[in-house]
Each structure stands twice: as structure tokens, then as C-alpha cells.
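S.K.: Sharing a structure, written as C-alpha cells. Questions coming.
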Amino acid sequence: MMVLLRRRDDLVCQQVVELVSDYLEGALPRSERKRFERHLRACPNCTAYLEQMRVTIATAGRLTPDDLSPEAREEFTDLFRSWRADGPGAPD
Amino acid sequence: MESDVELLARLRDGDEQAFVTLVGRYQGSLLRVARTFVPSDAVAEEVVQDTWMGVVRGVDRFEGRSSFKTWLFRILVNRARTSGVREHRHVSIDSTEPAVGPDRFDGNGAWAEPLSPWESDVDDRLVAASWGPALRAAIDGLPGRQREVVLLRDVEGLPSDDVCEVLGITEGNQRVLLHRGRSRLRTVLESELQTRGR
Ligand SMILES: [Zn+2]
């Protein structure tokens with residue numbers, strides 16, 4: 001009986017992909033997380049999907065800042081001098 | 001690489017090299033986030049310049065209760081808002097946009113075609129320098145609100161609480177925006193992989 005209820009309760013892949021962020025953010029309630037993980041154990045496709053999302057996020061975190069052009073460096077050096085010369089104002 | 005805190009200490013002492021290093025570190029990110037609030041690159045540049053002025057003049061008031069990054073983006077978002085160009089907080093979140101197109105699933109909601117993992121590609125392919133531009137373009141193509149959340153959370157790595165505070169959104173809204181944004185980026189990387197051939 002329990003087994004039958006559980007099975008009816010199982011997530012399908014299309015639902016899993018909508019829960020991935022909540023899962024990664026640790027925002028799924030315990031019972032929901034267990035259902036999610038149960039699906040993953042049985043589904044190599046959703047396991048691959050989750051991995052792809054992890055890679056996507058990690059890749060975004062490794063983007064390097066664009067280099068500042070020499071002109072911009074010079075401009076900001078000048079700005080810095082003028083702002084310091086003005087003394088501390090009330091920026092907010 | 002010197003930490004933000006170290007650079008900030010030097011900045012307090014009036015070290016212009018430290019300032020320019022910080023600008024180099026965050027200018028691109030600031031411009032991208034600013035651009036989600038204002039209608040043109042020119043206005044975004046003004047807002048960002050204004051933000052740096054706020055940093056130089058307010059550095060003594062920075063108490064380190066949040067990270068420098070969070071403080072920096074808080075100044076930016078305040079400047080962007082007071083520049084009064086766009087108030088977009090009330091725009092509703094489209095929660096119907098699916099993470100993955102419905103055509104990818106069969107009638108039972110299972111994947112119609114098998115999905116291959118990317119693990120083997122991570123080192124040599126995805127993270128290779130050639131991926132930067134593709135992902136950058138994909139992020140630039142996200143709708144504004146998804147873009148700002150993805151930039152702050154995933155690119156800059158701000159904690160979730162800080163992102164909510166800086167943008168003035170709820171935890172729940174942030175997760176929805178992040179989910180849509182990340183899902184779109186994954187789709188772009190997936191098609192990029194297919195285009196390049198495996
Ligand atoms: Zn599945």
C-alpha cells in the first residue's frame with residue numbers, strides 16, 4: 001500500500017527540471033527533496049541534467065572580468081584624484 | 001591576487017593604483033548590472049562612474065558588515081534607481097516559462113531523447129577560454145531581471161540574502177528569476193555544444 005502511494009507520488013522528469021534550482025539552493029522541503037533524490041537515483045537523464053546545471057553555474061562563476069582599457073585606467077586615475085581633492089562629500 | 005579588503009585598505013590611504021585595480025575588477029559587472037536598470041550604455045556608464053565616486057567618498061564609512069562586493073552593488077542599485085530612469089520592481093515574474101521546452105518530453109513527462117552528461121567536457125571544453133564569450137552573450141541576452149540576479153548570484157557569487165537585499169526582492173522571487181535565467185543559460189550551452197560537435 002505504501003509503495004503504491006509512493007509510486008503515484010513520483011515526480012516525472014518534466015517536474016524535476018523545474019525543481020532543480022530550489023534543490024541546488026537547498027530550498028526544497030524535506031519530503032520534496034526526498035522525492036527529488038529518489039527520481040534522480042532512477043533517472044540517468046535527470047542526473048545528467050542536474051550535472052549540466054551545475055556546470056552552467058560553475059562556468060558563470062569562472063567568467064573573468066574584461067580588462068580595463070589603458071584609456072579607462074587613465075580616466076579613472078584622473079577621476080580618483082579629482083574626487084579625493086574635493087574631499088569626502090555626502091555620496092548618499 | 002590581492003583581496004578586495006586589502007585593496008580597500010590601500011584605497012583608504014589614497015592609493016590610486018588600488019582604486020584602479022578595483023575598478024578593473026568590477027567595472028564590467030557594474031556596467032552589466034546597471035544596464036538592466038537604464039535604457040542605454042551611456043546612462044549605465046554615468047551611473048557606474050557615480051558609483052565609484054560613492055566608493056571613493058564613502059570608503060571610510062564602509063564598516064565591513066557586508067562584503068565589499070555587496071556594498072558596491074548596493075550603491076550601484078541605489079544610484080541606478082535614483083537616476084529615475086526605470087522602476088521595474090513591479091514587473092511580474094513570468095512563472096509559466098518552462099525550464100526546458102515541452103517538446104523535449106514524451107506524453108508522460110519523461111525525457112523523449114536521452115541526455116548526455118557534460119562532465120567529461122568541463123575541463124577541456126566548457127571552461128576553455130572559448131566558452132567565455134558564448135556564456136557572456138547568453139547572459140547579456142537574458143531578460144533584465146533574470147540577468148541581474150544571475151550576474152549577482154552566479155557570476156559575482158553574492159550570497160542569496162545579499163542579492164535579495166541589494167535588489168529589494170523576496171527570496172522566492174529570487175529563486176524563480178535564478179531558475180529561469182540558469183535554465184536559459186543551460187539551453188544555450190547545450191545548443192552551443194551541439195553546434196560545435198562533440
Ligand atoms: Zn528524470
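Each chain in the C-alpha cells gets a letter, A, B and so on, in the order shown; residues start at 1 in every chain, and ligands are counted from 1 in the order they appear.
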For chain A, report every residue with an atom at most 9 Å from chain B (counting only C-alpha atoms), formatted as number ranges by chain.
M.R.: A: 12-15, 17-22, 25, 27, 44-53, 55-69, 73-74, 76-77, 79-81, 83-84, 87-92
S.K.: Quick one: everything within 7 Å of region 28-39 of chain A, counting only C-alpha atoms, minus sequence neighbours fewer than 4 positions away in the same chain. Send it as a PyMOL selection string.
M.R.: chain A and resi 10-11+16+22-23+43
S.K.: Within region 28-74 of chain A, find each residue whose DSSP state, derived from the backbone, is alpha helix (DSSP H), and express the selection as a ChimeraX atom specification.
M.R.: /A:30-42,44-61,70-74
S.K.: Determine the nearest neighbour of ligand 1 from the options A:Asp9, A:Glu71, A:Leu40, A:Leu24, counting only C-alpha atoms and all ligand atoms.
M.R.: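 Closest to ligand 1 of all the choices is A:Leu40.
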S.K.: So the first atom is CA of Asp13 (chain B) and the second is CA of Glu75 (chain A); what is the distance between them in Å, to one decimal place?
M.R.: 20.0 Å
S.K.: In Å to one decimal, how far is CA of Asp162 (chain B) from CA of Val149 (chain B)?
M.R.: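 Answer for the CA of Val149 (chain B) to CA of Asp162 (chain B) separation: 10.7 Å.
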S.K.: From the set B:Glu165, B:Ala138, B:Ser191, B:Asn173, which residue has the shortest atom-to-atom contact distance to Thr70 (chain B), counting only C-alpha atoms?
M.R.: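 Distance minimum relative to Thr70 (chain B) lands on B:Glu165.
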S.K.: Using CA of Ser83 (chain B) and CA of Asp78 (chain A) as the two end points, give the distance in Å to one decimal.
M.R.: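 Value for the CA of Ser83 (chain B)-CA of Asp78 (chain A) distance: 23.8 Å.
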S.K.: Extract, using only C-alpha atoms, all DNA, RNA and protein residues at most 6 Å from region 41-46 of chain B, discarding same-chain residues fewer than 4 positions from it, and format them as a ChimeraX atom specification.
M.R.: /B:31,34-35
